[in-house]
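This is start.tsv. It holds TSV, C-alpha atoms.
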```tsv
chain	number	residue	atom	x	y	z
A	3	MET	CA	0.00	0.00	0.00
A	4	SER	CA	1.28	3.47	-0.87
A	5	SER	CA	1.95	6.12	1.72
A	6	ALA	CA	-1.17	7.92	2.89
A	7	ALA	CA	-2.25	11.20	1.41
A	8	PRO	CA	-1.88	14.28	3.62
A	9	ARG	CA	-4.84	15.39	5.72
A	10	PRO	CA	-5.71	19.05	5.09
A	11	SER	CA	-7.86	20.57	7.80
A	12	ALA	CA	-11.59	20.67	7.16
A	13	PRO	CA	-12.84	24.07	5.95
A	14	ALA	CA	-15.24	26.22	7.91
A	15	THR	CA	-17.31	26.57	4.73
A	16	SER	CA	-18.17	24.41	1.75
A	17	THR	CA	-18.60	25.62	-1.82
A	18	GLY	CA	-22.24	25.55	-2.85
A	19	TRP	CA	-24.90	26.62	-5.30
A	20	SER	CA	-28.49	27.59	-4.53
A	21	LEU	CA	-31.27	26.48	-6.88
A	22	GLY	CA	-33.92	28.12	-4.72
A	23	ASP	CA	-35.35	25.37	-2.57
A	24	ILE	CA	-32.46	23.00	-3.34
A	25	LEU	CA	-28.94	23.62	-2.06
A	26	VAL	CA	-25.88	21.82	-3.47
A	27	HIS	CA	-22.50	21.57	-1.71
A	28	ARG	CA	-19.28	20.33	-3.31
A	29	ILE	CA	-17.43	18.11	-0.84
A	30	ASP	CA	-13.79	17.88	-1.91
A	31	GLU	CA	-11.83	14.65	-1.62
A	32	ILE	CA	-8.60	15.03	-3.65
A	33	GLU	CA	-7.22	16.68	-6.74
A	34	LEU	CA	-6.18	13.84	-9.02
A	35	PRO	CA	-2.51	13.57	-10.04
A	36	ARG	CA	-1.41	15.35	-13.19
A	37	HIS	CA	-0.92	12.12	-15.14
A	38	THR	CA	-4.59	11.17	-14.64
A	39	GLY	CA	-5.78	13.43	-17.47
A	40	PRO	CA	-3.64	11.93	-20.25
A	41	TRP	CA	-4.41	8.42	-19.01
A	42	LEU	CA	-8.17	8.87	-18.69
A	43	LEU	CA	-8.66	11.10	-21.75
A	44	PRO	CA	-5.89	10.11	-24.18
A	45	ASP	CA	-7.34	12.21	-27.01
A	46	ALA	CA	-7.30	15.39	-24.92
A	47	THR	CA	-3.90	16.38	-26.28
A	48	LYS	CA	-2.25	19.77	-25.98
A	49	GLU	CA	-3.41	20.53	-29.52
A	50	VAL	CA	-7.03	19.77	-28.57
A	51	LEU	CA	-6.76	21.89	-25.42
A	52	ASP	CA	-5.27	24.73	-27.48
A	53	GLU	CA	-8.49	24.84	-29.53
A	54	ALA	CA	-10.45	25.76	-26.40
A	55	ALA	CA	-8.50	28.59	-24.79
A	56	TRP	CA	-11.24	29.04	-22.15
A	57	LEU	CA	-10.10	25.78	-20.47
A	58	ARG	CA	-7.01	27.50	-19.08
A	59	PRO	CA	-6.05	28.16	-16.36
A	60	ASP	CA	-8.85	26.55	-14.33
A	61	PHE	CA	-9.49	23.30	-16.17
A	62	ALA	CA	-6.11	22.58	-17.78
A	63	ASP	CA	-2.48	23.53	-17.50
A	64	ALA	CA	-0.28	24.15	-20.51
A	65	GLU	CA	-0.25	20.47	-21.49
A	66	VAL	CA	-2.94	18.35	-19.81
A	67	PRO	CA	-6.49	18.50	-18.40
A	68	ARG	CA	-6.97	18.76	-14.64
A	69	LEU	CA	-9.31	16.40	-12.79
A	70	ALA	CA	-10.60	16.06	-9.23
A	71	SER	CA	-12.59	13.70	-7.01
A	72	HIS	CA	-15.47	15.10	-4.98
A	73	SER	CA	-19.05	14.37	-3.97
A	74	PHE	CA	-22.12	16.57	-4.10
A	75	ALA	CA	-24.21	16.91	-0.94
A	76	VAL	CA	-27.74	18.00	-1.74
A	77	GLU	CA	-30.42	19.45	0.52
A	78	ALA	CA	-33.83	18.87	-1.11
A	79	GLY	CA	-37.32	18.42	0.28
A	80	GLY	CA	-36.02	18.21	3.83
A	81	LEU	CA	-33.69	15.34	2.89
A	82	ARG	CA	-29.90	15.12	2.95
A	83	ILE	CA	-28.59	13.39	-0.17
A	84	VAL	CA	-25.03	12.46	-1.15
A	85	VAL	CA	-24.34	11.95	-4.86
A	86	ASP	CA	-21.38	9.58	-5.38
A	87	THR	CA	-18.94	8.90	-2.58
A	88	GLY	CA	-15.50	9.18	-4.17
A	89	ILE	CA	-12.49	6.97	-3.53
A	90	GLY	CA	-12.63	6.45	0.24
A	91	ASN	CA	-10.04	6.04	2.96
A	92	GLY	CA	-7.86	3.02	3.58
A	93	LYS	CA	-8.92	1.15	0.46
A	94	SER	CA	-6.41	-1.14	-1.27
A	95	ARG	CA	-6.51	-0.06	-4.91
A	96	ALA	CA	-4.57	-0.93	-8.07
A	97	ASN	CA	-4.37	2.74	-9.05
A	98	PRO	CA	-1.57	4.25	-6.91
A	99	ALA	CA	-3.34	7.62	-6.84
A	100	TRP	CA	-6.31	6.02	-5.06
A	101	ASP	CA	-4.49	3.50	-2.88
A	102	GLY	CA	-4.58	3.88	0.90
A	103	LEU	CA	-5.97	7.41	1.04
A	104	ASP	CA	-6.27	9.19	4.38
A	105	THR	CA	-8.25	12.38	3.78
A	106	ASP	CA	-10.63	14.46	5.87
A	107	PHE	CA	-13.59	13.90	3.55
A	108	LEU	CA	-16.00	13.00	6.36
A	109	GLU	CA	-14.98	16.08	8.33
A	110	ARG	CA	-15.69	18.21	5.27
A	111	LEU	CA	-19.05	16.53	4.79
A	112	THR	CA	-19.92	17.07	8.46
A	113	ALA	CA	-18.84	20.72	8.27
A	114	ALA	CA	-21.38	21.16	5.46
A	115	GLY	CA	-24.10	19.90	7.81
A	116	PHE	CA	-24.14	16.26	6.70
A	117	THR	CA	-23.11	14.00	9.56
A	118	PRO	CA	-23.04	10.39	8.33
A	119	GLU	CA	-26.01	9.50	10.55
A	120	SER	CA	-28.09	12.35	9.11
A	121	VAL	CA	-27.81	11.32	5.45
A	122	ASP	CA	-31.11	10.00	4.06
A	123	LEU	CA	-30.11	8.97	0.55
A	124	VAL	CA	-26.89	8.05	-1.27
A	125	ILE	CA	-27.06	8.09	-5.07
A	126	THR	CA	-24.45	6.07	-6.99
A	127	THR	CA	-24.28	7.27	-10.60
A	128	HIS	CA	-22.42	4.07	-11.53
A	129	LEU	CA	-20.46	1.32	-9.80
A	130	HIS	CA	-16.87	2.37	-10.46
A	131	THR	CA	-14.15	2.46	-7.82
A	132	ASP	CA	-13.90	6.25	-7.57
A	133	HIS	CA	-17.66	6.66	-7.08
A	134	VAL	CA	-18.36	4.19	-4.26
A	135	GLY	CA	-15.38	4.43	-1.90
A	136	TRP	CA	-17.02	6.29	0.97
A	137	ASN	CA	-20.01	3.95	0.80
A	138	THR	CA	-18.19	2.20	3.64
A	139	ARG	CA	-15.67	2.85	6.39
A	140	LEU	CA	-13.50	0.53	8.45
A	141	ALA	CA	-14.70	-0.25	12.00
A	142	GLY	CA	-13.24	-3.01	14.15
A	143	GLY	CA	-11.61	-4.62	11.15
A	144	ASP	CA	-14.86	-4.72	9.13
A	145	TRP	CA	-16.17	-2.54	6.33
A	146	ILE	CA	-19.52	-1.11	7.40
A	147	PRO	CA	-21.88	1.39	5.70
A	148	THR	CA	-20.67	4.94	6.31
A	149	PHE	CA	-24.25	6.22	6.23
A	150	PRO	CA	-26.13	3.84	8.54
A	151	ASN	CA	-29.57	5.37	8.08
A	152	ALA	CA	-29.42	5.96	4.33
A	153	ARG	CA	-31.01	4.22	1.39
A	154	TYR	CA	-28.34	3.69	-1.28
A	155	LEU	CA	-29.59	3.90	-4.88
A	156	THR	CA	-28.20	2.89	-8.24
A	157	SER	CA	-29.93	1.94	-11.46
A	158	ARG	CA	-31.19	-1.61	-11.88
A	159	THR	CA	-29.45	-1.78	-15.28
A	160	GLU	CA	-26.13	-0.90	-13.66
A	161	TRP	CA	-26.58	-3.39	-10.84
A	162	ASP	CA	-27.57	-6.22	-13.17
A	163	HIS	CA	-24.66	-5.52	-15.53
A	164	TRP	CA	-22.03	-5.99	-12.85
A	165	ALA	CA	-23.86	-8.96	-11.33
A	166	ALA	CA	-23.55	-10.71	-14.71
A	167	THR	CA	-19.93	-9.67	-15.33
A	168	GLU	CA	-16.88	-11.76	-14.45
A	169	LEU	CA	-14.88	-9.35	-12.31
A	170	ASP	CA	-11.11	-9.04	-12.24
A	171	GLU	CA	-9.26	-9.05	-8.92
A	172	ALA	CA	-9.22	-5.28	-8.47
A	173	ARG	CA	-12.93	-4.88	-9.14
A	174	THR	CA	-13.77	-7.89	-6.96
A	175	ARG	CA	-11.89	-6.20	-4.11
A	176	MET	CA	-13.81	-2.97	-4.70
A	177	PHE	CA	-17.17	-4.73	-4.57
A	178	ARG	CA	-16.10	-6.64	-1.48
A	179	ASP	CA	-15.13	-3.54	0.52
A	180	SER	CA	-17.42	-0.84	-0.87
A	181	VAL	CA	-20.58	-2.40	-2.33
A	182	ASP	CA	-21.23	-5.80	-0.77
A	183	PRO	CA	-21.31	-4.55	2.86
A	184	VAL	CA	-24.05	-2.08	1.95
A	185	ARG	CA	-25.98	-4.79	0.09
A	186	ASP	CA	-25.55	-7.18	3.00
A	187	ALA	CA	-26.92	-4.54	5.37
A	188	GLY	CA	-30.03	-4.31	3.19
A	189	GLN	CA	-29.36	-0.70	2.24
A	190	TYR	CA	-28.65	-0.94	-1.52
A	191	ASP	CA	-31.75	-0.45	-3.64
A	192	PRO	CA	-31.36	-0.88	-7.41
A	193	VAL	CA	-34.20	1.00	-9.11
A	194	ALA	CA	-35.57	1.04	-12.64
A	195	VAL	CA	-34.78	4.29	-14.44
A	196	PRO	CA	-37.01	4.83	-17.49
A	197	GLU	CA	-36.04	6.98	-20.45
A	198	GLN	CA	-37.88	9.98	-19.04
A	199	GLY	CA	-36.05	9.67	-15.70
A	200	ARG	CA	-37.18	8.75	-12.20
A	201	GLU	CA	-37.81	11.10	-9.30
A	202	VAL	CA	-36.25	9.66	-6.13
A	203	ALA	CA	-36.70	12.69	-3.85
A	204	PRO	CA	-38.51	16.02	-4.25
A	205	GLY	CA	-36.92	17.68	-7.30
A	206	VAL	CA	-34.21	15.00	-7.62
A	207	LEU	CA	-34.33	12.79	-10.73
A	208	LEU	CA	-32.16	9.96	-12.00
A	209	VAL	CA	-31.64	10.38	-15.75
A	210	PRO	CA	-30.26	7.60	-17.99
A	211	ALA	CA	-26.72	8.39	-19.18
A	212	PRO	CA	-25.41	5.09	-20.60
A	213	GLY	CA	-22.14	4.52	-22.41
A	214	HIS	CA	-19.43	4.93	-19.82
A	215	THR	CA	-21.22	2.04	-18.14
A	216	PRO	CA	-24.47	0.45	-19.34
A	217	GLY	CA	-26.62	1.73	-16.47
A	218	GLN	CA	-24.96	5.00	-15.54
A	219	VAL	CA	-27.27	7.84	-14.53
A	220	ALA	CA	-26.87	11.58	-14.31
A	221	VAL	CA	-28.75	13.42	-11.55
A	222	GLU	CA	-31.10	16.26	-12.44
A	223	LEU	CA	-32.01	18.76	-9.73
A	224	ARG	CA	-35.18	20.78	-10.26
A	225	GLY	CA	-35.11	23.68	-7.85
A	226	GLY	CA	-37.67	26.42	-7.57
A	227	ASP	CA	-35.34	28.98	-9.19
A	228	ARG	CA	-33.28	26.90	-11.63
A	229	ARG	CA	-32.15	23.41	-12.54
A	230	ALA	CA	-28.81	21.64	-12.36
A	231	LEU	CA	-27.36	18.43	-13.77
A	232	ILE	CA	-24.72	16.35	-11.98
A	233	THR	CA	-22.76	14.57	-14.70
A	234	GLY	CA	-21.45	11.35	-13.18
A	235	ASP	CA	-18.92	10.22	-15.79
A	236	SER	CA	-21.04	11.11	-18.81
A	237	ILE	CA	-18.80	14.19	-19.00
A	238	HIS	CA	-15.44	13.70	-17.29
A	239	HIS	CA	-13.95	17.06	-18.16
A	240	PRO	CA	-14.96	20.39	-19.76
A	241	VAL	CA	-12.77	19.61	-22.81
A	242	GLN	CA	-15.58	17.22	-23.77
A	243	LEU	CA	-17.85	20.22	-24.28
A	244	SER	CA	-15.68	21.63	-27.02
A	245	HIS	CA	-14.76	18.13	-28.25
A	246	PRO	CA	-17.61	15.71	-27.36
A	247	HIS	CA	-15.85	12.89	-29.22
A	248	VAL	CA	-12.96	12.88	-26.73
A	249	HIS	CA	-13.62	9.58	-24.97
A	250	SER	CA	-12.53	7.99	-21.71
A	251	CYS	CA	-10.18	5.01	-21.83
A	252	VAL	CA	-12.51	3.18	-19.42
A	253	ASP	CA	-15.75	3.74	-21.33
A	254	ILE	CA	-17.46	0.40	-21.84
A	255	ASP	CA	-19.29	1.74	-24.92
A	256	SER	CA	-17.49	4.78	-26.28
A	257	ALA	CA	-19.99	5.36	-29.09
A	258	GLY	CA	-22.85	5.22	-26.61
A	259	ALA	CA	-21.02	7.62	-24.29
A	260	ILE	CA	-20.60	10.09	-27.16
A	261	ARG	CA	-24.31	9.89	-27.99
A	262	THR	CA	-25.24	10.48	-24.35
A	263	ARG	CA	-22.85	13.44	-24.10
A	264	ALA	CA	-24.25	14.99	-27.29
A	265	ARG	CA	-27.83	14.58	-26.04
A	266	LEU	CA	-27.09	16.12	-22.64
A	267	LEU	CA	-25.13	19.04	-24.05
A	268	ASP	CA	-27.80	19.82	-26.63
A	269	GLY	CA	-30.39	19.99	-23.86
A	270	LEU	CA	-28.19	22.16	-21.64
A	271	ALA	CA	-26.89	24.61	-24.23
A	272	ASP	CA	-27.99	28.23	-23.94
A	273	THR	CA	-30.13	27.59	-20.85
A	274	ASP	CA	-29.50	28.65	-17.25
A	275	THR	CA	-29.24	25.01	-16.11
A	276	LEU	CA	-26.12	24.55	-14.03
A	277	LEU	CA	-23.75	21.78	-15.10
A	278	LEU	CA	-21.99	20.21	-12.09
A	279	GLY	CA	-19.04	18.10	-13.14
A	280	THR	CA	-18.34	15.09	-10.95
A	281	HIS	CA	-14.64	15.22	-11.88
A	282	PHE	CA	-14.34	18.87	-12.90
A	283	PRO	CA	-11.66	20.72	-10.93
A	284	ARG	CA	-12.59	24.02	-9.33
A	285	PRO	CA	-14.69	25.99	-10.19
A	286	THR	CA	-16.57	22.77	-11.03
A	287	ALA	CA	-19.83	24.29	-12.26
A	288	GLY	CA	-21.14	26.48	-15.04
A	289	THR	CA	-23.64	26.96	-17.83
A	290	VAL	CA	-23.22	25.56	-21.34
A	291	ARG	CA	-23.07	27.93	-24.30
A	292	ARG	CA	-22.81	27.38	-28.04
A	293	GLU	CA	-19.82	29.17	-29.49
A	294	HIS	CA	-18.46	28.92	-33.05
A	295	GLY	CA	-20.15	25.59	-33.68
A	296	ARG	CA	-18.99	24.06	-30.38
A	297	TYR	CA	-19.90	24.18	-26.71
A	298	ARG	CA	-18.10	25.91	-23.89
A	299	LEU	CA	-18.59	26.27	-20.14
A	300	LEU	CA	-19.20	29.65	-18.51
A	301	ALA	CA	-17.97	28.99	-14.99
A	302	GLU	CA	-20.01	29.72	-11.85
A	303	PRO	CA	-17.61	29.24	-8.92
A	304	GLY	CA	-20.35	29.06	-6.29
A	305	VAL	CA	-20.25	30.66	-2.87
A	306	GLY	CA	-18.94	29.74	0.53
A	307	ILE	CA	-21.67	28.20	2.67
A	308	PRO	CA	-21.03	28.22	6.42
A	309	GLY	CA	-20.85	24.71	7.83
A	310	THR	CA	-23.52	23.75	10.31
A	311	GLN	CA	-23.51	20.69	12.50
A	312	ALA	CA	-26.49	18.42	11.88
```

Structure encoded using structure tokens:
Amino acid sequence: MSSAAPRPSAPATSTGWSLGDILVHRIDEIELPRHTGPWLLPDATKEVLDEAAWLRPDFADAEVPRLASHSFAVEAGGLRIVVDTGIGNGKSRANPAWDGLDTDFLERLTAAGFTPESVDLVITTHLHTDHVGWNTRLAGGDWIPTFPNARYLTSRTEWDHWAATELDEARTRMFRDSVDPVRDAGQYDPVAVPEQGREVAPGVLLVPAPGHTPGQVAVELRGGDRRALITGDSIHHPVQLSHPHVHSCVDIDSAGAIRTRARLLDGLADTDTLLLGTHFPRPTAGTVRREHGRYRLLAEPGVGIPGTQA
């Protein structure tokens, strides 16, 4: 196991966006190492980045795209909802950047007003290692659900896909420490997600976003003042707005992922719907605009929201 990541102190505020009666917090886990961009998005070359000057300096450096791992904590209809749970602490992982982390993620989540016991719903956009890690935590040598009172949701299509797939050693380990304990506790609830989406809490909808995985969902938030869309891995990085055909090396169906990305971007373009990127580095959010035959992101950095203990 690699040496543990440093533990920055938890902030007094979280970054958030108000949609009226829905509030969204970004809960930071880690910034991903510089080599992650070229590995994950091999077609996002310097030349491609150069064609979208707006990506720099926030979303790319001179050569490569920047990526991050974070969760979104959502207050909607009196419920506390966590969308994706990142990489997690103390997990043995094949990717050195994710192996044996020791971060203050839970402290950050608590500072935003989401103690683990207060969380009502955990939404898993898809069952990949960097989206399920904080599903569980280690206690007395056992992996137990981090959110003991929560219902954990993922799409039935996603659940059934992995149940029918022969898993390699690394993915078997991930299911064993981050998915199976929640299932065994009776807290995982795979749900059918029709084409038109499924509302799982007031103003919170699961929307089909297949391609990266067969049953991936995006999460649409319908607030009283505006809407937002949490991407999951349907859009890994803002470069995929200007170049939607830039694919991820771990897409199961790259052509399907491109179709999903094109559909989502077409629906978002030139509206005030906020796009919240699950792996976008800060400032993480923005609105989509058509520009010279392509799309671009107009960033909305969000505001500091004082942390309140639940």

Who sits within 8 Å of Arg36 of chain A, all atoms listed in the file, same chain under 5 positions skipped, as a list in words: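 Using all atoms listed in the file, the neighbours found are Val66, Pro67, Arg68 and Leu69 of chain A.
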
All residues 12 Å or closer to Gly226 of chain A, only C-alpha atoms, same chain fewer than 3 positions away omitted, as a PyMOL selection string: chain A and resi 20-25+78-79+204-206+223+229-230

Coordinates-based distance that separates atom CA of Leu207 of chain A from atom CA of Val181 of chain A (Å, one decimal):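 Straight-line distance from atom CA of Val181 of chain A to atom CA of Leu207 of chain A works out to 22.1 Å.
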
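Here atom CA of Ala172 of chain A and atom CA of Ala96 of chain A stand 6.4 Å from one another.
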
Distance query Gly39 of chain A at most 12 Å, only C-alpha atoms, self and fewer than 6 positions along chain excluded, as a list in words: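 So, after excluding close chain neighbours, the residues are Glu33, Asp45, Ala46, Thr47, Lys48, Leu51, Phe61, Ala62, Asp63, Glu65, Val66, Pro67, Arg68, Leu69, Ala70, His238, His239, Pro240, Val241, Val248, His249, Ser250, Cys251, His281, Phe282 and Pro283 of chain A.
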
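Residues surrounding Arg265 of chain A within 12 Å are Val209, Pro210, Ala211, Pro212, Ser236, Ile237, Leu243, Pro246, Gly258, Ala259, Ile260, Arg261, Gly269, Leu270 and Ala271 of chain A [only C-alpha atoms; sequence separation below 4 positions excluded].
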
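Going from atom CA of Pro150 of chain A over to atom CA of Ala114 of chain A, you cover 18.2 Å.
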
Minimum-distance residue to Asp191 of chain A, chosen among A:Ala141, A:Leu155, A:Leu81, A:Ala287 (using only C-alpha atoms): A:Leu155

Thr275 of chain A surroundings by all atoms listed in the file, 9 Å radius, close-in-sequence under 6 positions cut, as a PyMOL selection string: chain A and resi 228-231+288-290

Quick one: residues within 12 Å of (-18.4, 0.3, 7.2) (file frame), counting all atoms listed in the file, please, as a compact mmCIF listing (two decimals) with C-alpha atoms, in the coordinates of the input.
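Result file out.txt:
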```txt
# COMPACT_ATOMS: atom_id res chain seq x y z
CA GLY A 90 -12.63 6.45 0.24
CA ASN A 91 -10.04 6.04 2.96
CA GLY A 92 -7.86 3.02 3.58
CA LYS A 93 -8.92 1.15 0.46
CA PRO A 118 -23.04 10.39 8.33
CA GLY A 135 -15.38 4.43 -1.90
CA TRP A 136 -17.02 6.29 0.97
CA ASN A 137 -20.01 3.95 0.80
CA THR A 138 -18.19 2.20 3.64
CA ARG A 139 -15.67 2.85 6.39
CA LEU A 140 -13.50 0.53 8.45
CA ALA A 141 -14.70 -0.25 12.00
CA GLY A 142 -13.24 -3.01 14.15
CA GLY A 143 -11.61 -4.62 11.15
CA ASP A 144 -14.86 -4.72 9.13
CA TRP A 145 -16.17 -2.54 6.33
CA ILE A 146 -19.52 -1.11 7.40
CA PRO A 147 -21.88 1.39 5.70
CA THR A 148 -20.67 4.94 6.31
CA PHE A 149 -24.25 6.22 6.23
CA PRO A 150 -26.13 3.84 8.54
CA ARG A 178 -16.10 -6.64 -1.48
CA ASP A 179 -15.13 -3.54 0.52
CA SER A 180 -17.42 -0.84 -0.87
CA VAL A 181 -20.58 -2.40 -2.33
CA ASP A 182 -21.23 -5.80 -0.77
CA PRO A 183 -21.31 -4.55 2.86
CA VAL A 184 -24.05 -2.08 1.95
CA ARG A 185 -25.98 -4.79 0.09
CA ASP A 186 -25.55 -7.18 3.00
CA ALA A 187 -26.92 -4.54 5.37
```

Top pick for closest residue to Arg28 of chain A, considering A:Arg284, A:Arg82, A:His130, A:Arg58 and counting all atoms listed in the file: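 Smallest distance to Arg28 of chain A is found for A:Arg284.
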
Rows by chain and residue number, segment 97-136 of chain A within 12 Å of segment 213-219 of chain A, shortest pair, all atoms listed in the file, as a Markdown table:
```
| residue | atom | partner | partner_atom | distance |
| --- | --- | --- | --- | --- |
| A:Ile125 | CA | A:Val219 | CA | 9.5 |
| A:Thr126 | CA | A:Val219 | CA | 8.2 |
| A:Thr127 | CA | A:Val219 | CA | 5.0 |
| A:His128 | CA | A:Gln218 | CA | 4.8 |
| A:Leu129 | CA | A:Gln218 | CA | 8.2 |
| A:His130 | CA | A:Thr215 | CA | 8.8 |
| A:His133 | CA | A:Gln218 | CA | 11.3 |
```

Nearest candidate to Leu208 of chain A (options A:Val85, A:Ala99, A:Gly279, A:Leu267; using all atoms listed in the file):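 Of all the options, A:Val85 lies closest to Leu208 of chain A.
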
Provide segment 199-214 of chain A rebuilt to N, CA and C atoms, formatted as a CSV table (one decimal), in the coordinates of the input.
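Generated file (rebuild37.csv):
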```
chain,number,residue,atom,x,y,z
A,199,GLY,N,-36.6,9.4,-17.0
A,199,GLY,CA,-36.0,9.7,-15.7
A,199,GLY,C,-37.0,9.2,-14.6
A,200,ARG,N,-36.4,9.2,-13.4
A,200,ARG,CA,-37.2,8.8,-12.2
A,200,ARG,C,-36.9,9.7,-11.0
A,201,GLU,N,-38.0,10.2,-10.5
A,201,GLU,CA,-37.8,11.1,-9.3
A,201,GLU,C,-37.6,10.2,-8.1
A,202,VAL,N,-36.5,10.5,-7.3
A,202,VAL,CA,-36.2,9.7,-6.1
A,202,VAL,C,-36.3,10.5,-4.8
A,203,ALA,N,-36.5,11.8,-5.0
A,203,ALA,CA,-36.7,12.7,-3.8
A,203,ALA,C,-37.3,14.0,-4.5
A,204,PRO,N,-37.9,14.8,-3.7
A,204,PRO,CA,-38.5,16.0,-4.2
A,204,PRO,C,-37.5,16.8,-5.1
A,205,GLY,N,-37.8,16.9,-6.4
A,205,GLY,CA,-36.9,17.7,-7.3
A,205,GLY,C,-35.6,17.0,-7.7
A,206,VAL,N,-35.5,15.7,-7.3
A,206,VAL,CA,-34.2,15.0,-7.6
A,206,VAL,C,-34.5,13.8,-8.5
A,207,LEU,N,-34.0,13.8,-9.7
A,207,LEU,CA,-34.3,12.8,-10.7
A,207,LEU,C,-33.1,12.1,-11.2
A,208,LEU,N,-33.2,10.7,-11.3
A,208,LEU,CA,-32.2,10.0,-12.0
A,208,LEU,C,-32.5,10.0,-13.5
A,209,VAL,N,-31.5,10.3,-14.3
A,209,VAL,CA,-31.6,10.4,-15.8
A,209,VAL,C,-30.7,9.4,-16.4
A,210,PRO,N,-31.2,8.5,-17.3
A,210,PRO,CA,-30.3,7.6,-18.0
A,210,PRO,C,-29.1,8.3,-18.7
A,211,ALA,N,-27.9,7.8,-18.5
A,211,ALA,CA,-26.7,8.4,-19.2
A,211,ALA,C,-25.8,7.3,-19.5
A,212,PRO,N,-26.2,6.3,-20.3
A,212,PRO,CA,-25.4,5.1,-20.6
A,212,PRO,C,-24.2,5.4,-21.5
A,213,GLY,N,-23.3,4.4,-21.5
A,213,GLY,CA,-22.1,4.5,-22.4
A,213,GLY,C,-20.9,4.3,-21.6
A,214,HIS,N,-20.6,5.2,-20.7
A,214,HIS,CA,-19.4,4.9,-19.8
A,214,HIS,C,-19.6,3.6,-19.1
```
